[in-house]
>>> print(open('work-v2.txt').read())   # compact mmCIF, C-alpha atoms and all ligand atoms
# COMPACT_ATOMS: atom_id res chain seq x y z
CA MET A 1 -4.63 14.79 9.37
CA ARG A 2 -1.33 13.89 7.77
CA VAL A 3 -0.57 10.20 8.20
CA ILE A 4 3.07 10.91 9.03
CA ASP A 5 1.82 12.78 12.12
CA ILE A 6 -0.15 9.69 13.13
CA TYR A 7 3.06 7.63 12.97
CA ASN A 8 5.11 10.29 14.72
CA LYS A 9 2.63 10.64 17.59
CA ARG A 10 1.90 6.93 18.00
CA LYS A 11 2.03 5.30 21.43
CA LYS A 12 1.51 1.84 19.91
CA PRO A 13 1.80 0.43 16.40
CA VAL A 14 -0.60 2.01 13.91
CA PHE A 15 -2.92 -0.45 12.16
CA SER A 16 -4.11 0.63 8.74
CA LEU A 17 -6.51 -0.93 6.26
CA GLU A 18 -6.28 -1.14 2.49
CA PHE A 19 -9.32 -1.52 0.23
CA PHE A 20 -9.87 -1.67 -3.50
CA PRO A 21 -12.80 -0.04 -5.31
CA PRO A 22 -15.56 -2.42 -6.40
CA ARG A 23 -16.09 -2.99 -10.11
CA ASN A 24 -17.91 -0.06 -11.70
CA GLY A 25 -21.63 -0.69 -11.22
CA GLU A 26 -21.30 -2.36 -7.82
CA THR A 27 -21.98 -0.82 -4.42
CA LEU A 28 -19.54 0.09 -1.63
CA ASP A 29 -21.31 -2.30 0.76
CA LYS A 30 -18.37 -4.71 1.14
CA ILE A 31 -15.98 -1.91 2.03
CA PHE A 32 -18.39 -0.43 4.55
CA SER A 33 -19.29 -3.78 6.14
CA THR A 34 -15.57 -4.56 6.46
CA ILE A 35 -14.96 -1.25 8.23
CA ASP A 36 -18.00 -1.87 10.44
CA GLU A 37 -16.27 -5.04 11.67
CA LEU A 38 -12.79 -3.51 12.04
CA LYS A 39 -13.44 0.00 13.37
CA ILE A 40 -13.33 -1.28 16.95
CA PHE A 41 -9.54 -1.62 16.47
CA ALA A 42 -9.27 2.14 15.81
CA PRO A 43 -7.45 1.94 12.47
CA GLY A 44 -5.01 4.82 11.99
CA PHE A 45 -6.07 5.29 8.38
CA ALA A 46 -7.67 3.57 5.42
CA SER A 47 -6.22 3.58 1.93
CA VAL A 48 -7.96 2.85 -1.35
CA THR A 49 -6.16 1.53 -4.42
CA GLY A 50 -6.34 3.22 -7.78
CA GLY A 51 -6.25 1.46 -11.11
CA ALA A 52 -3.67 2.08 -13.78
CA LEU A 53 -4.26 1.40 -17.45
CA GLY A 54 -7.74 0.25 -18.41
CA SER A 55 -9.03 -0.44 -14.89
CA GLN A 56 -12.81 -0.66 -14.55
CA ARG A 57 -12.70 0.27 -10.89
CA GLY A 58 -13.23 3.98 -10.54
CA GLY A 59 -14.00 6.18 -7.58
CA THR A 60 -10.82 5.97 -5.52
CA ILE A 61 -10.93 9.59 -4.34
CA ALA A 62 -14.67 9.51 -3.67
CA ILE A 63 -14.36 6.28 -1.66
CA VAL A 64 -11.58 7.70 0.51
CA GLY A 65 -13.76 10.79 1.04
CA SER A 66 -16.79 8.66 1.98
CA ILE A 67 -14.80 6.59 4.48
CA LYS A 68 -13.49 9.77 6.06
CA ARG A 69 -16.93 11.34 6.36
CA LYS A 70 -18.80 8.19 7.44
CA TYR A 71 -16.26 6.82 9.91
CA ASN A 72 -13.96 9.75 10.68
CA ILE A 73 -11.03 7.54 9.62
CA GLU A 74 -8.12 9.32 7.95
CA GLY A 75 -7.75 8.46 4.27
CA VAL A 76 -4.99 7.83 1.75
CA VAL A 77 -5.54 7.92 -2.02
CA HIS A 78 -3.36 5.59 -4.14
CA LEU A 79 -2.43 7.62 -7.19
CA THR A 80 -0.71 5.92 -10.13
CA CYS A 81 1.14 7.95 -12.73
CA VAL A 82 1.93 5.64 -15.68
CA ASN A 83 -1.07 6.37 -17.79
CA LYS A 84 -1.69 9.98 -16.89
CA SER A 85 -0.29 13.27 -18.12
CA LYS A 86 1.23 15.59 -15.53
CA HIS A 87 -1.70 17.95 -16.09
CA ASP A 88 -4.19 15.15 -15.37
CA LEU A 89 -2.20 14.21 -12.27
CA GLU A 90 -2.15 17.75 -10.95
CA ASN A 91 -5.89 18.06 -11.53
CA LEU A 92 -6.48 14.78 -9.68
CA LEU A 93 -4.32 16.03 -6.83
CA MET A 94 -6.48 19.15 -6.64
CA GLU A 95 -9.56 16.93 -6.52
CA ILE A 96 -7.95 15.06 -3.62
CA LYS A 97 -7.15 18.32 -1.85
CA TYR A 98 -10.61 19.82 -2.35
CA ASN A 99 -12.06 16.62 -0.86
CA ASP A 100 -10.08 17.45 2.32
CA ILE A 101 -7.78 14.46 1.84
CA GLU A 102 -4.18 15.20 2.77
CA ASN A 103 -2.54 11.84 2.06
CA VAL A 104 -1.39 10.28 -1.19
CA LEU A 105 0.41 7.01 -1.90
CA ALA A 106 2.38 7.94 -5.02
CA LEU A 107 2.83 4.99 -7.36
CA ARG A 108 3.92 4.15 -10.84
CA GLY A 109 1.21 1.50 -11.33
CA ASP A 110 0.90 -1.49 -13.61
CA PRO A 111 -1.64 -2.39 -16.26
CA PRO A 112 -4.34 -4.77 -15.00
CA ARG A 113 -3.35 -8.42 -15.52
CA ASP A 114 -6.19 -9.13 -17.91
CA SER A 115 -5.50 -6.02 -20.02
CA SER A 116 -3.68 -6.03 -23.31
CA ALA A 117 -2.44 -2.49 -22.55
CA SER A 118 1.32 -2.22 -22.51
CA LYS A 119 3.18 -0.47 -19.71
CA ASP A 120 5.22 1.26 -22.40
CA TYR A 121 2.30 3.66 -22.58
CA LEU A 122 3.99 6.32 -20.51
CA PRO A 123 3.15 9.91 -21.39
CA ASP A 124 4.90 12.13 -18.82
CA TYR A 125 6.14 10.15 -15.85
CA LYS A 126 7.87 6.83 -16.15
CA TYR A 127 8.60 6.29 -12.45
CA ALA A 128 6.92 7.07 -9.14
CA TYR A 129 9.73 9.40 -7.97
CA GLN A 130 8.70 11.84 -10.71
CA LEU A 131 5.18 11.97 -9.29
CA VAL A 132 6.61 12.49 -5.79
CA LYS A 133 8.67 15.41 -7.15
CA HIS A 134 5.57 16.92 -8.70
CA ILE A 135 3.65 16.65 -5.41
CA ASN A 136 6.60 18.17 -3.59
CA LEU A 137 6.53 21.16 -5.94
CA MET A 138 2.83 21.58 -5.18
CA ASN A 139 3.67 21.37 -1.48
CA ASN A 140 6.03 24.30 -2.12
CA GLY A 141 3.20 26.21 -3.82
CA GLU A 142 4.40 25.58 -7.39
CA TYR A 143 1.79 24.48 -9.89
CA LEU A 144 1.89 23.82 -13.63
CA GLY A 145 1.45 26.88 -15.80
CA GLU A 146 -0.69 27.19 -18.90
CA SER A 147 2.25 26.26 -21.10
CA ASP A 148 5.32 24.10 -20.55
CA GLY A 149 8.16 25.57 -18.52
CA ILE A 150 6.02 28.18 -16.81
CA SER A 151 4.80 27.57 -13.32
CA PHE A 152 2.11 29.23 -11.29
CA LYS A 153 2.64 30.26 -7.68
CA GLY A 154 -0.20 29.22 -5.38
CA GLU A 155 -1.06 27.88 -1.94
CA PRO A 156 1.21 25.11 -0.59
CA ALA A 157 -0.75 21.89 -1.14
CA GLY A 158 0.21 20.27 2.18
CA PHE A 159 0.18 16.63 1.05
CA CYS A 160 1.74 13.85 3.08
CA VAL A 161 3.26 11.41 0.59
CA SER A 162 3.92 7.71 0.94
CA VAL A 163 5.60 5.40 -1.53
CA ALA A 164 5.77 1.65 -2.16
CA ALA A 165 8.75 -0.57 -1.40
CA TYR A 166 9.62 -4.19 -2.06
CA PRO A 167 11.39 -6.26 0.64
CA GLU A 168 12.11 -8.93 -1.98
CA ASN A 169 12.93 -6.42 -4.73
CA HIS A 170 10.57 -5.09 -7.36
CA PRO A 171 10.39 -7.59 -10.25
CA GLU A 172 12.06 -5.03 -12.56
CA SER A 173 14.93 -4.28 -10.14
CA ALA A 174 18.23 -5.94 -10.98
CA SER A 175 19.46 -6.20 -7.36
CA ALA A 176 18.73 -5.40 -3.72
CA GLU A 177 21.06 -2.38 -4.02
CA GLU A 178 19.20 -1.03 -7.05
CA ASN A 179 15.89 -1.69 -5.30
CA ILE A 180 17.02 0.61 -2.45
CA THR A 181 18.58 3.17 -4.79
CA HIS A 182 15.23 3.65 -6.48
CA LEU A 183 13.41 3.77 -3.14
CA LYS A 184 15.89 6.45 -2.02
CA MET A 185 15.07 8.50 -5.12
CA LYS A 186 11.43 8.59 -4.00
CA ILE A 187 12.43 9.57 -0.47
CA ASP A 188 14.83 12.25 -1.68
CA ALA A 189 12.00 13.58 -3.85
CA GLY A 190 9.93 14.14 -0.70
CA ALA A 191 8.25 10.91 0.49
CA ASP A 192 7.27 10.92 4.18
CA TYR A 193 6.87 7.19 4.82
CA VAL A 194 6.99 3.85 3.05
CA ILE A 195 4.52 0.95 2.79
CA THR A 196 5.88 -2.38 1.65
CA GLN A 197 4.64 -5.09 -0.61
CA MET A 198 3.33 -8.14 1.23
CA PHE A 199 5.70 -10.95 2.16
CA PHE A 200 5.57 -14.31 3.92
CA ASP A 201 9.16 -14.40 5.10
CA ILE A 202 9.79 -11.92 7.88
CA GLU A 203 13.59 -12.33 7.51
CA LYS A 204 13.31 -10.82 4.03
CA PHE A 205 11.59 -7.76 5.48
CA LEU A 206 14.12 -7.36 8.27
CA ARG A 207 17.05 -7.67 5.86
CA PHE A 208 15.49 -5.08 3.57
CA ARG A 209 14.90 -2.75 6.53
CA ASP A 210 18.53 -3.13 7.63
CA LEU A 211 19.84 -2.42 4.15
CA ALA A 212 17.56 0.61 3.84
CA ALA A 213 18.84 1.91 7.20
CA LYS A 214 22.45 1.39 6.08
CA ARG A 215 21.69 3.41 2.97
CA GLY A 216 20.35 6.27 5.11
CA VAL A 217 16.59 5.66 5.04
CA THR A 218 15.22 7.13 8.26
CA ILE A 219 11.53 7.58 7.48
CA PRO A 220 8.98 5.00 8.76
CA ILE A 221 8.91 1.71 6.83
CA VAL A 222 5.55 0.06 7.36
CA PRO A 223 5.18 -3.63 6.46
CA GLY A 224 2.21 -4.67 4.35
CA LEU A 225 0.50 -7.87 5.48
CA MET A 226 -2.10 -9.84 3.59
CA PRO A 227 -4.00 -12.38 5.70
CA VAL A 228 -4.29 -15.60 3.69
CA GLU A 229 -6.10 -18.88 4.24
CA LYS A 230 -6.24 -20.91 1.02
CA TYR A 231 -3.61 -23.09 -0.61
CA LYS A 232 -4.41 -21.76 -4.10
CA GLN A 233 -4.36 -18.17 -2.84
CA VAL A 234 -0.83 -18.54 -1.43
CA ASN A 235 0.45 -20.11 -4.66
CA PHE A 236 -1.22 -17.42 -6.74
CA LEU A 237 0.41 -14.66 -4.68
CA LEU A 238 3.83 -16.28 -4.87
CA LYS A 239 3.59 -16.51 -8.64
CA GLN A 240 2.09 -13.07 -9.29
CA MET A 241 4.16 -11.04 -6.83
CA GLY A 242 7.49 -12.80 -7.09
CA ILE A 243 7.63 -13.28 -3.32
CA SER A 244 9.07 -16.24 -1.48
CA ILE A 245 7.88 -18.46 1.31
CA PRO A 246 9.85 -19.89 4.26
CA SER A 247 10.54 -23.60 3.74
CA ASN A 248 8.78 -24.75 6.93
CA PHE A 249 5.60 -22.86 5.95
CA ARG A 250 5.84 -24.32 2.42
CA GLN A 251 6.26 -27.86 3.75
CA MET A 252 3.33 -27.55 6.15
CA LEU A 253 1.09 -26.17 3.40
CA ASP A 254 2.10 -28.85 0.91
CA SER A 255 1.48 -31.64 3.37
CA ALA A 256 -2.02 -30.28 4.06
CA SER A 257 -2.87 -29.24 0.49
CA ASP A 258 -5.95 -31.50 0.29
CA ASN A 259 -7.25 -30.44 3.70
CA PRO A 260 -8.65 -26.87 3.46
CA GLU A 261 -9.36 -26.65 7.20
CA LYS A 262 -5.78 -27.60 8.06
CA VAL A 263 -4.43 -25.13 5.46
CA LYS A 264 -6.56 -22.42 7.05
CA GLU A 265 -5.16 -23.18 10.50
CA ILE A 266 -1.56 -23.18 9.20
CA CYS A 267 -2.11 -19.85 7.41
CA HIS A 268 -3.79 -18.27 10.42
CA ASN A 269 -0.89 -19.27 12.68
CA HIS A 270 1.65 -17.99 10.18
CA ASP A 271 -0.13 -14.61 9.76
CA LEU A 272 -0.43 -14.17 13.49
CA ASN A 273 3.21 -15.07 14.16
CA MET A 274 4.35 -12.63 11.50
CA ALA A 275 2.26 -9.83 13.01
CA ARG A 276 3.64 -10.58 16.49
CA GLU A 277 7.24 -10.77 15.27
CA LEU A 278 6.89 -7.54 13.31
CA ILE A 279 5.61 -5.71 16.35
CA ALA A 280 8.40 -7.19 18.46
CA ALA A 281 10.83 -5.92 15.79
CA GLY A 282 9.55 -2.39 16.43
CA VAL A 283 7.66 -1.64 13.21
CA PRO A 284 5.75 1.66 13.25
CA GLY A 285 2.57 -0.13 12.23
CA ILE A 286 1.10 -2.85 10.05
CA HIS A 287 -0.76 -2.10 6.83
CA PHE A 288 -3.39 -4.78 6.19
CA PHE A 289 -4.35 -5.64 2.63
CA THR A 290 -7.93 -6.52 3.63
CA MET A 291 -9.16 -7.59 0.18
CA ASN A 292 -12.42 -5.89 1.24
CA ARG A 293 -13.08 -8.67 3.78
CA PRO A 294 -12.83 -8.30 7.54
CA GLU A 295 -12.18 -11.87 8.73
CA GLY A 296 -8.42 -12.29 8.25
CA THR A 297 -7.49 -8.85 9.54
CA LYS A 298 -9.92 -9.15 12.47
CA ARG A 299 -8.51 -12.52 13.49
CA ILE A 300 -5.04 -11.00 13.77
CA LEU A 301 -6.05 -7.71 15.39
CA GLU A 302 -8.14 -9.50 18.02
CA ARG A 303 -5.03 -11.35 19.14
CA ILE A 304 -2.46 -8.58 18.98
CA THR A 305 -4.53 -5.81 20.54
CA ASP A 306 -6.81 -5.73 23.53
CA GLY A 307 -9.72 -5.21 21.10
CA SER A 308 -9.69 -1.45 21.49
CA SER A 309 -6.26 -0.75 20.00
P1 LIG B 401 8.64 2.82 -9.03
O1 LIG B 401 9.13 3.24 -7.72
O2 LIG B 401 8.62 3.83 -10.13
O3 LIG B 401 9.51 1.56 -9.47
C1 LIG B 401 9.13 0.75 -10.58
C2 LIG B 401 10.35 0.02 -11.11
O4 LIG B 401 11.19 0.96 -11.77
C3 LIG B 401 11.20 -0.61 -10.02
O5 LIG B 401 11.76 -1.81 -10.52
C4 LIG B 401 12.30 0.41 -9.76
O6 LIG B 401 13.48 -0.20 -9.27
C5 LIG B 401 12.50 0.95 -11.16
N1 LIG B 401 12.94 2.36 -11.17
C6 LIG B 401 12.51 3.36 -10.38
N2 LIG B 401 13.17 4.50 -10.68
C7 LIG B 401 14.02 4.21 -11.68
C8 LIG B 401 14.96 4.96 -12.44
N3 LIG B 401 15.18 6.26 -12.22
N4 LIG B 401 15.66 4.32 -13.43
C9 LIG B 401 15.47 3.01 -13.68
N5 LIG B 401 14.58 2.24 -12.98
C10 LIG B 401 13.88 2.84 -12.02
N6 LIG B 401 -0.58 -0.55 -8.30
C11 LIG B 401 -1.69 0.02 -8.81
O7 LIG B 401 -1.88 0.01 -10.03
N7 LIG B 401 -2.62 0.63 -7.99
C12 LIG B 401 -2.46 0.68 -6.64
O8 LIG B 401 -3.30 1.23 -5.94
C13 LIG B 401 -1.31 0.07 -6.07
N8 LIG B 401 -1.10 0.10 -4.73
C14 LIG B 401 0.05 -0.44 -4.21
C15 LIG B 401 0.26 -0.38 -2.83
C16 LIG B 401 1.42 -0.91 -2.26
C17 LIG B 401 1.63 -0.83 -0.77
C18 LIG B 401 2.39 -1.52 -3.11
C19 LIG B 401 3.64 -2.11 -2.51
C20 LIG B 401 2.19 -1.59 -4.48
C21 LIG B 401 1.02 -1.06 -5.05
N9 LIG B 401 0.77 -1.09 -6.43
C22 LIG B 401 -0.37 -0.54 -6.95
C23 LIG B 401 1.69 -1.81 -7.31
C24 LIG B 401 2.71 -0.87 -8.00
O9 LIG B 401 2.07 0.07 -8.80
C25 LIG B 401 3.63 -1.75 -8.85
O10 LIG B 401 4.40 -2.58 -8.04
C26 LIG B 401 4.49 -1.03 -9.85
O11 LIG B 401 5.10 -2.00 -10.70
C27 LIG B 401 5.62 -0.21 -9.26
O12 LIG B 401 5.15 0.90 -8.66
P2 LIG B 401 6.16 1.84 -7.81
O13 LIG B 401 5.40 3.01 -7.42
O14 LIG B 401 6.86 1.06 -6.79
O15 LIG B 401 7.19 2.21 -9.00
>>> encode(input="work-v2.txt", output="structure tokens", more="lines below")
Ligand code: FAD
Amino acid sequence: MRVIDIYNKRKKPVFSLEFFPPRNGETLDKIFSTIDELKIFAPGFASVTGGALGSQRGGTIAIVGSIKRKYNIEGVVHLTCVNKSKHDLENLLMEIKYNDIENVLALRGDPPRDSSASKDYLPDYKYAYQLVKHINLMNNGEYLGESDGISFKGEPAGFCVSVAAYPENHPESASAEENITHLKMKIDAGADYVITQMFFDIEKFLRFRDLAAKRGVTIPIVPGLMPVEKYKQVNFLLKQMGISIPSNFRQMLDSASDNPEKVKEICHNHDLNMARELIAAGVPGIHFFTMNRPEGTKRILERITDGSS
């Protein structure tokens, strides 16, 4: 099923779960045990991240396929384009299609943090909107030909496409306006819905959503939420993702920094309040970055649903 249809037909907010592949050589046990704990909340879909340059975490498409077969949960493949030729990308998209997966989160991608690979390594597509355009051509039955400039007419691919967005601007965006301009390019290229980067300050999300609406964005914008519970974890995320933190949350965390149990409680309350406020603000769903662990997401879902979603 196409995820956009799940959003369009929803009677309540759609809860979705994001996983990352284990390191090559490890099992899928953590992903499966996390789903075992969370399936009671009837997740609308599960997505699995895909590495960009030099990642040692393969199997994205196969994992999405396994989740779909084992749990009958709709799947979304994260597909990054920076390090792949357009021919490789089209072949991967065919692999996705032949695995009966209809949903792709089209991304540019970044090199892994511990990699020396440069993101200047960009063969065909420099930005995600180019990948979205390619998928849209496939959706219109146009595929790459044997040589450049020639295309092959085939079956419409039927993909539902999502794209990433950044309520606090992507680190390479010069301004909030530019941030939306580049999001619009992905939507104009054919994206069906948007999933955002995580944030701690709900006002930032709401402002971004308002600006997007003013600029004519009408497709669903789904907030991404990462349940947190450790002081170090929050600081790491702030530094790595360039996101901000409301001053009252910051003050509470700082004053409890040497008391892990208190930090946990403060984080849990903050996560839960954000989820409640987002739902009250009418979001189409919440996308949980589970980090392959059930606890944080479960704690929130138990309190915002009746346990059966
Ligand atoms: P783009 O939309 O291409 O934007 C990248 C930058 O280029 C932005 O600053 C944008 O403003 C700018 N830009 C876009 N178009 C133009 C243009 N025409 N001219 C000039 N500048 C332009 N990464 C992974 O490696 N694997 C994953 O699985 C993954 N999953 C993610 C899931 C979510 C929900 C989110 C929010 C992010 C995810 N990422 C993932 C991270 C993402 O790959 C990075 O944030 C990356 O830096 C940008 O990807 P993008 O698709 O948003 O890029």
>>> residues_near_ligand(input="work-v2.txt", ligand="ligand LIG 401 (chain B)", cutoff="7 Å", atoms="all atoms listed in the file", output="number ranges by chain")
A: 48-52, 78-80, 106-111, 126-129, 163-166, 170-173, 178-179, 182-183, 186, 195-197, 224
>>> residues_around(input="work-v2.txt", residues="stretch 200-211 of chain A", least_positions_apart="4", cutoff="9 Å", atoms="only C-alpha atoms", output="list in words")
Tyr166, Pro167, Glu168, Asn169, Ala176, Glu177, Ile180, Thr196, Arg215, Gly216, Val217, Ile221, Pro223, Leu225, Met226, Ile243, Ser244, Ile245, Pro246, Phe249, His270, Asp271, Met274, Glu277, Leu278 and Ala281 of chain A
>>> residues_around(input="work-v2.txt", residues="A:Thr290", least_positions_apart="5", cutoff="7 Å", atoms="all atoms listed in the file", output="list of chain:residue names")
A:Leu17, A:Glu18, A:Phe19, A:Met226, A:Thr297
>>> atom_distance(input="work-v2.txt", atom1="atom CA of A:Phe45", atom2="atom CA of A:Asn273")
23.1 Å
>>> closest_residue(input="work-v2.txt", among="A:Tyr7, A:Tyr143, A:Phe152, A:Phe199", to="A:Gly44", atoms="only C-alpha atoms")
A:Tyr7
>>> closest_residue(input="work-v2.txt", among="A:Lys264, A:Glu155, A:Ile96, A:Val228", to="A:Pro294", atoms="only C-alpha atoms")
A:Val228
>>> closest_residue(input="work-v2.txt", among="A:Asn83, A:Asn248, A:Thr218, A:Ser257", to="A:Gln233", atoms="all atoms listed in the file")
A:Ser257
>>> closest_residue(input="work-v2.txt", among="A:Gly141, A:Pro123, A:Gly296, A:Pro13", to="A:Asn269", atoms="all atoms listed in the file")
A:Gly296
>>> closest_residue(input="work-v2.txt", among="A:Gly190, A:Pro43, A:Gly65, A:Pro156", to="A:Gln130", atoms="all atoms listed in the file")
A:Gly190
>>> residues_around(input="work-v2.txt", residues="A:Asn99", least_positions_apart="2", cutoff="9 Å", atoms="all atoms listed in the file", output="list of chain:residue names")
A:Ile61, A:Ala62, A:Gly65, A:Met94, A:Glu95, A:Ile96, A:Lys97, A:Ile101, A:Glu102
>>> write_last_selection(input="work-v2.txt", atoms="C-alpha atoms", output="PDB file, keeping the file's coordinate frame")
ATOM      1  CA  ILE A  61     -10.930   9.590  -4.340  1.00  0.00           C
ATOM      2  CA  ALA A  62     -14.670   9.510  -3.670  1.00  0.00           C
ATOM      3  CA  GLY A  65     -13.760  10.790   1.040  1.00  0.00           C
ATOM      4  CA  MET A  94      -6.480  19.150  -6.640  1.00  0.00           C
ATOM      5  CA  GLU A  95      -9.560  16.930  -6.520  1.00  0.00           C
ATOM      6  CA  ILE A  96      -7.950  15.060  -3.620  1.00  0.00           C
ATOM      7  CA  LYS A  97      -7.150  18.320  -1.850  1.00  0.00           C
ATOM      8  CA  ILE A 101      -7.780  14.460   1.840  1.00  0.00           C
ATOM      9  CA  GLU A 102      -4.180  15.200   2.770  1.00  0.00           C
TER      10      GLU A 102
END
>>> atom_distance(input="work-v2.txt", atom1="atom CA of A:Glu229", atom2="atom CA of A:Ile266")
8.0 Å
>>> residues_near_point(input="work-v2.txt", point="(-15.6, -7.0, 2.1)", cutoff="9 Å", atoms="all atoms listed in the file", output="list in words")
Phe19, Leu28, Asp29, Lys30, Ile31, Phe32, Ser33, Thr34, Ile35, Thr290, Met291, Asn292, Arg293, Pro294 and Glu295 of chain A
>>> build_atoms(input="work-v2.txt", residues="stretch 187-203 of chain A", atoms="N, CA, C and O atoms", output="mmCIF file, in the coordinates of the input")
data_model
loop_
_atom_site.group_PDB
_atom_site.id
_atom_site.type_symbol
_atom_site.label_atom_id
_atom_site.label_comp_id
_atom_site.auth_asym_id
_atom_site.auth_seq_id
_atom_site.Cartn_x
_atom_site.Cartn_y
_atom_site.Cartn_z
ATOM 1 N N ILE A 187 12.337 8.895 -1.782
ATOM 2 C CA ILE A 187 12.430 9.570 -0.470
ATOM 3 C C ILE A 187 13.095 10.935 -0.654
ATOM 4 O O ILE A 187 12.624 11.944 -0.122
ATOM 5 N N ASP A 188 14.162 10.963 -1.443
ATOM 6 C CA ASP A 188 14.830 12.250 -1.680
ATOM 7 C C ASP A 188 13.910 13.240 -2.389
ATOM 8 O O ASP A 188 14.061 14.447 -2.266
ATOM 9 N N ALA A 189 12.954 12.697 -3.142
ATOM 10 C CA ALA A 189 12.000 13.580 -3.850
ATOM 11 C C ALA A 189 10.925 14.105 -2.907
ATOM 12 O O ALA A 189 10.140 14.962 -3.290
ATOM 13 N N GLY A 190 10.866 13.556 -1.674
ATOM 14 C CA GLY A 190 9.930 14.140 -0.700
ATOM 15 C C GLY A 190 8.986 13.169 -0.015
ATOM 16 O O GLY A 190 8.060 13.615 0.684
ATOM 17 N N ALA A 191 9.183 11.851 -0.174
ATOM 18 C CA ALA A 191 8.250 10.910 0.490
ATOM 19 C C ALA A 191 8.403 10.984 2.004
ATOM 20 O O ALA A 191 9.509 11.159 2.523
ATOM 21 N N ASP A 192 7.271 10.826 2.716
ATOM 22 C CA ASP A 192 7.270 10.920 4.180
ATOM 23 C C ASP A 192 7.354 9.564 4.864
ATOM 24 O O ASP A 192 7.832 9.452 5.983
ATOM 25 N N TYR A 193 6.795 8.542 4.242
ATOM 26 C CA TYR A 193 6.870 7.190 4.820
ATOM 27 C C TYR A 193 6.678 6.176 3.705
ATOM 28 O O TYR A 193 6.307 6.527 2.575
ATOM 29 N N VAL A 194 6.935 4.910 4.052
ATOM 30 C CA VAL A 194 6.990 3.850 3.050
ATOM 31 C C VAL A 194 6.042 2.726 3.468
ATOM 32 O O VAL A 194 5.988 2.372 4.644
ATOM 33 N N ILE A 195 5.311 2.171 2.515
ATOM 34 C CA ILE A 195 4.520 0.950 2.790
ATOM 35 C C ILE A 195 5.053 -0.151 1.886
ATOM 36 O O ILE A 195 5.272 0.071 0.683
ATOM 37 N N THR A 196 5.264 -1.332 2.470
ATOM 38 C CA THR A 196 5.880 -2.380 1.650
ATOM 39 C C THR A 196 4.856 -3.309 1.009
ATOM 40 O O THR A 196 3.716 -3.430 1.455
ATOM 41 N N GLN A 197 5.347 -3.968 -0.006
ATOM 42 C CA GLN A 197 4.640 -5.090 -0.610
ATOM 43 C C GLN A 197 4.493 -6.184 0.452
ATOM 44 O O GLN A 197 5.293 -6.262 1.393
ATOM 45 N N MET A 198 3.490 -7.028 0.301
ATOM 46 C CA MET A 198 3.330 -8.140 1.230
ATOM 47 C C MET A 198 4.487 -9.132 1.122
ATOM 48 O O MET A 198 5.199 -9.150 0.123
ATOM 49 N N PHE A 199 4.654 -9.914 2.160
ATOM 50 C CA PHE A 199 5.700 -10.950 2.160
ATOM 51 C C PHE A 199 5.267 -12.034 3.125
ATOM 52 O O PHE A 199 4.387 -11.816 3.979
ATOM 53 N N PHE A 200 5.854 -13.219 2.980
ATOM 54 C CA PHE A 200 5.570 -14.310 3.920
ATOM 55 C C PHE A 200 6.773 -14.612 4.801
ATOM 56 O O PHE A 200 6.668 -15.347 5.770
ATOM 57 N N ASP A 201 7.927 -14.072 4.390
ATOM 58 C CA ASP A 201 9.160 -14.400 5.100
ATOM 59 C C ASP A 201 9.660 -13.147 5.819
ATOM 60 O O ASP A 201 10.205 -12.223 5.190
ATOM 61 N N ILE A 202 9.480 -13.130 7.107
ATOM 62 C CA ILE A 202 9.790 -11.920 7.880
ATOM 63 C C ILE A 202 11.285 -11.561 7.783
ATOM 64 O O ILE A 202 11.665 -10.395 7.823
ATOM 65 N N GLU A 203 12.139 -12.596 7.625
ATOM 66 C CA GLU A 203 13.590 -12.330 7.510
ATOM 67 C C GLU A 203 13.869 -11.433 6.304
ATOM 68 O O GLU A 203 14.765 -10.593 6.338
#
